[in-house]
There are 4 protein chains.
Amino acid sequence: MSGTGGTQERPLRADAARNRARLLEVATEVFTTRGVDAPTEDIARAAGVGVGTLFRHFPTKEALLEAVMVRRLESIAAGTARLAAAGEPADAFFDAFRLVVDRSAGKDAFTRALAAAGRNPHAALRETSAAIRAHLGELLAGAQDAGAVRPDLDLPELIALLVGANSALEQLGADPAARERILTVVLDGLRPR
Amino acid sequence: MSGTGGTQERPLRADAARNRARLLEVATEVFTTRGVDAPTEDIARAAGVGVGTLFRHFPTKEALLEAVMVRRLESIAAGTARLAAAGEPADAFFDAFRLVVDRSAGKDAFTRALAAAGRNPHAALRETSAAIRAHLGELLAGAQDAGAVRPDLDLPELIALLVGANSALEQLGADPAARERILTVVLDGLRPR
Amino acid sequence: MSGTGGTQERPLRADAARNRARLLEVATEVFTTRGVDAPTEDIARAAGVGVGTLFRHFPTKEALLEAVMVRRLESIAAGTARLAAAGEPADAFFDAFRLVVDRSAGKDAFTRALAAAGRNPHAALRETSAAIRAHLGELLAGAQDAGAVRPDLDLPELIALLVGANSALEQLGADPAARERILTVVLDGLRPR
Amino acid sequence: MSGTGGTQERPLRADAARNRARLLEVATEVFTTRGVDAPTEDIARAAGVGVGTLFRHFPTKEALLEAVMVRRLESIAAGTARLAAAGEPADAFFDAFRLVVDRSAGKDAFTRALAAAGRNPHAALRETSAAIRAHLGELLAGAQDAGAVRPDLDLPELIALLVGANSALEQLGADPAARERILTVVLDGLRPR
DNA sequence: CATGAATGAGTCTTCATTCAT
DNA sequence: GATGAATGAAGACTCATTCAT
C-alpha cells in the first residue's frame, strides 16, 4: 500500500508525482464544487499543467474521477478500520456513521461511488469500498449485538442511509445547529424503539 | 387544475396535445432514469416525434425539464394540500412525508427542485414549490403541536430530510421491505425522544 | 398584364387576393427592415395568416422574395417607361436616375435583383428588369446624343452606378441635405468634362 | 504592427500560427465571395483543419468575421496613414479613395464595417476604423483647402461614397476599363464645378 | 516527460417546407 | 382554402482524447 494502490506502478519521478498529486487535489475541488461535467481542461489549467499531462496520469476522465473517489474512500476506509478495531461497539458505530458522512461532504457523486461498489467495474474502487463495507458490516453487527441499533437493519440499508444523510446535509447548507439536528434524527432513528 | 397547468395556454389541437403529453411523459421517464444529460433527440425519438416538435412545444431543453418538474411538483402539491386540510395532524404529517418521497422517486433532480424554491429563477417552479413548502410548514407545525414530532425541527431541515430520504431510497433499489425499513428509521427519528 | 404578371393564373377569390397582397406588403417591409434572413413564419404572422397560406401563395421563400422584387421593379419600370417616352433627353435621364434610386430604397438586396437580370433564372424578374434596362439604355443614349452625359459610358456601368448610389444613400441615413450632396456628386460625375 | 494585431497574444507555435493565418486567409476569401452566411465548417475544411481548430482560434463565428475585417481595415489604415502624411493634398486624397475601394473589394460587408465605426461594439474594429476615418478626414480637408474637392462635402458623405463605389464595382465585375470609368465618374463628381 | 494544438463526434437549436385537421 | 403542427436537415459550438513539437 505504498502508493495510490492499483496495478504495478514504477516509481514516478519527483515532478511527475507532484503533478499527479496536484491534479488529484484540484480535481477533487473542481468536481466537488462545479460537478463532474466540468471540462478536463479547466482541471488541468487549475493544476497548472497541460491537458496532455492530465491524460498521461489518468487515461480517461472517468479514471480521474475514479482516482478522486478512491482517495476519498481510502480516507474513509482508514477511519472505519480504526473504529472497527475499537472496543466500544455502540459508540464506534455512531462515530463511524458521522465519520463517513463528514468525509463524504460535497457533491454527493462521491458517496454514490461507495454504494456502487458491487456493480461497479473498477477494481480500485471496488476494493476500497469493499473494505469500508466490511468495516461497516462489523460495526453494525457489533452495535446490534450491543442493543444499540435496530436488529432488523442490514448493511445495504445502512449504506443507503449514509448516502441519504449526506444528501440531506449537502442540501441543507452550513448552519451547524441544523446539521446536527438532521444527524440526530437519523441516528436516533437507527436506535431500537 | 385539470391539465398541464401554468400560464394561460390556448387550447391545442388534439394531436398536438397528445404529442405534448407524450413528450412530457417520455421526458419524465428519461430524465428520471438516465439523468438530465440525456440528449433531446433521444427523448423526441422515444416520444415518436421529430426534434422539431419537441422544440415547438418546449423552446429549450431547460424549459422541458422545468415542465417535467412542474408536473411532478403539482402532483405533490395536490397531495400535500389535501393532507394539510385533513383532521389528524400527526398522521397527516407522516403521510405527507411518505407522499413526497414516493412522488419524487428518480434521479432526484426532482426533490432538489422543491428545495431550490427560493433561489431559482423559474416562476412556475417557484410558485408550486412555495405551495408545497407552505403545506409542509403547516403539517409540521400541527404535528409538533400534537407532540408527534420533535419541536426543535424547522422546515428547512424537514426538506433536507425529504431530499435525503429520496436519495437513500433511490440508492437502495426496489426491495420493498428494505425501503420500508429506511423510512421507519427516518420517521421514527422525527418523533420526540 | 392584368395581375402580378407571370404564367396563367386563374382569378383568385377575394379573400385569397387580399391575403396575397397583404403578404407582399408585409414581406416587403420585413425583408427591407430586417433583411432576407427573417423567418417566413414572422412574415406570415405579421400578415395575420398561417405559414401554410404563405406557402400556398408563394411556393418557396425565394419565390416570395422574387415577387417582392418584381413589384418594386414594376413600379420602377412604369416610371422609366414614362420617362423614356418623354421629350427632353437630358432631364429625362437624370430624373430616371433619381427615380430608380428613390424607389430602390431599403435593404439593397433589391437593386441587386435588377442587376442580376441577365444571370438570374427567374422569368418574372428577368422580363421586368429587361424592360427597365431597355428604358435606361434608351435614356442613356438620348442623353449622350444630347451631350449631357459622358459618351464613353455604357449601360452596365450606369446600372452599377445606380446600385452604388443606392448603397451610398442607404449607408448615409436620413439627412436630406447630405443625401442630395451624394446625388450631386454622382450626377455631376456623369456629365462630360 | 507586424502581425495579427490586437490585444497582447502570446507567441503561437509555428504550426498554430500557420493554421491561424490560413484560416484568416480562407475566411476572407469565403466571406468575400460567398457571403458571411457560409458555414464555418466549409471554412475549416477549405483551410484543411477541423472545426475544432477554427473555434480554438476564434471563439465564435463572429469573432472570426471580426478578425477578417480587422485585418482588412488595418491594411487600409496603413495605406491611408501613409497618404495622410504625404505632401500633395489633392493627389493624396484621390489615391486614398482608390486605395480604400481597392482593398475593400468583395461582398462589401467590409466597407460597411468602416462605416459602422461609431455604432458597433467591437473594440478592435472601432479603433482601426476610427483611425481610417481620421486619416480620411485629414485628407478630405487638405484636398478641400487645395480646392480639389467640393467644399460642401463632409466625412460621412465621403464614407457613404466609398461604400457606394465599392458596391458599384462589386456589381460590375472584372472589366478593368469599365471599372476605371466608374471611378472616373465618382472622382470627377467629387471635384468642384 | 510536458505541452497545448488539432480533431471530430455529439449537442442544442432554427427554419423552410409539408400535410393532417 | 386556411391553419399551424410536424419534420429533419443544417449550423454553431463543446469537449474528451490524441499527437506533433
# chains A, B, ... in the order shown; residues from 1 in each chain; ligands from 1

$ closest_atom_pairs --of "chain F" --to "chain C" --cutoff "12 Å" --atoms "only C-alpha atoms (C1' of nucleotides)" --output "tab-separated table"
residue	atom	partner	partner_atom	distance
F:DG1	C1'	C:Ala16	CA	8.1
F:DA2	C1'	C:Thr53	CA	6.2
F:DT3	C1'	C:Gly50	CA	5.7
F:DG4	C1'	C:Gly50	CA	6.4
F:DA5	C1'	C:Gly52	CA	10.8

$ select_by_dssp --residues "segment 21-171 of chain A" --states "helix (DSSP H, G or I)" --output "VMD selection string"
chain A and resid 21 to 34 40 to 47 51 to 57 61 to 84 89 to 103 109 to 115 123 to 145 155 to 171

$ closest_residue --among "B:Leu64, B:Ala146, B:Leu136, B:Ala177" --to "Ile159 of chain B" --atoms "only C-alpha atoms"
B:Leu136

$ atom_distance --atom1 "atom CA of Ile132 of chain C" --atom2 "atom CA of Ala77 of chain C"
5.1 Å

$ residues_around --residues "Leu153 of chain C" --least-positions-apart "5" --cutoff "10 Å" --atoms "only C-alpha atoms (C1' of nucleotides)" --output "ChimeraX atom specification"
/C:140-141,144,158,190 /D:178,181-182,185

$ write_last_selection --atoms "N, CA, C and O atoms" --output "PDB file, in the first residue's frame"
ATOM      1  N   LEU C 140     -30.123  56.668 -71.711  1.00  0.00           N
ATOM      2  CA  LEU C 140     -28.688  56.942 -71.720  1.00  0.00           C
ATOM      3  C   LEU C 140     -28.251  57.429 -73.101  1.00  0.00           C
ATOM      4  O   LEU C 140     -27.569  58.459 -73.234  1.00  0.00           O
ATOM      5  N   ALA C 141     -28.657  56.688 -74.108  1.00  0.00           N
ATOM      6  CA  ALA C 141     -28.275  57.060 -75.470  1.00  0.00           C
ATOM      7  C   ALA C 141     -28.756  58.474 -75.804  1.00  0.00           C
ATOM      8  O   ALA C 141     -28.004  59.299 -76.355  1.00  0.00           O
ATOM      9  N   GLN C 144     -26.702  61.008 -74.026  1.00  0.00           N
ATOM     10  CA  GLN C 144     -25.359  61.102 -74.622  1.00  0.00           C
ATOM     11  C   GLN C 144     -25.420  61.852 -75.949  1.00  0.00           C
ATOM     12  O   GLN C 144     -24.579  62.717 -76.227  1.00  0.00           O
ATOM     13  N   LEU C 158     -23.739  52.198 -66.006  1.00  0.00           N
ATOM     14  CA  LEU C 158     -24.832  53.005 -65.471  1.00  0.00           C
ATOM     15  C   LEU C 158     -25.552  52.230 -64.361  1.00  0.00           C
ATOM     16  O   LEU C 158     -25.837  52.760 -63.278  1.00  0.00           O
ATOM     17  N   LEU C 190     -21.422  62.160 -63.898  1.00  0.00           N
ATOM     18  CA  LEU C 190     -21.894  61.549 -65.151  1.00  0.00           C
ATOM     19  C   LEU C 190     -21.781  62.514 -66.330  1.00  0.00           C
ATOM     20  O   LEU C 190     -21.740  62.088 -67.495  1.00  0.00           O
TER      21      LEU C 190
ATOM     22  N   ALA D 178     -14.104  49.325 -67.682  1.00  0.00           N
ATOM     23  CA  ALA D 178     -15.394  49.737 -67.130  1.00  0.00           C
ATOM     24  C   ALA D 178     -15.228  50.192 -65.683  1.00  0.00           C
ATOM     25  O   ALA D 178     -15.807  51.188 -65.263  1.00  0.00           O
ATOM     26  N   ARG D 181     -13.902  53.575 -65.614  1.00  0.00           N
ATOM     27  CA  ARG D 181     -14.915  54.576 -65.972  1.00  0.00           C
ATOM     28  C   ARG D 181     -15.813  54.908 -64.762  1.00  0.00           C
ATOM     29  O   ARG D 181     -16.136  56.062 -64.519  1.00  0.00           O
ATOM     30  N   ILE D 182     -16.169  53.882 -64.002  1.00  0.00           N
ATOM     31  CA  ILE D 182     -16.964  54.116 -62.795  1.00  0.00           C
ATOM     32  C   ILE D 182     -16.222  55.043 -61.844  1.00  0.00           C
ATOM     33  O   ILE D 182     -16.767  56.036 -61.355  1.00  0.00           O
ATOM     34  N   VAL D 185     -16.126  58.602 -62.938  1.00  0.00           N
ATOM     35  CA  VAL D 185     -17.379  59.309 -62.670  1.00  0.00           C
ATOM     36  C   VAL D 185     -17.399  59.825 -61.242  1.00  0.00           C
ATOM     37  O   VAL D 185     -17.649  61.004 -60.980  1.00  0.00           O
TER      38      VAL D 185
END
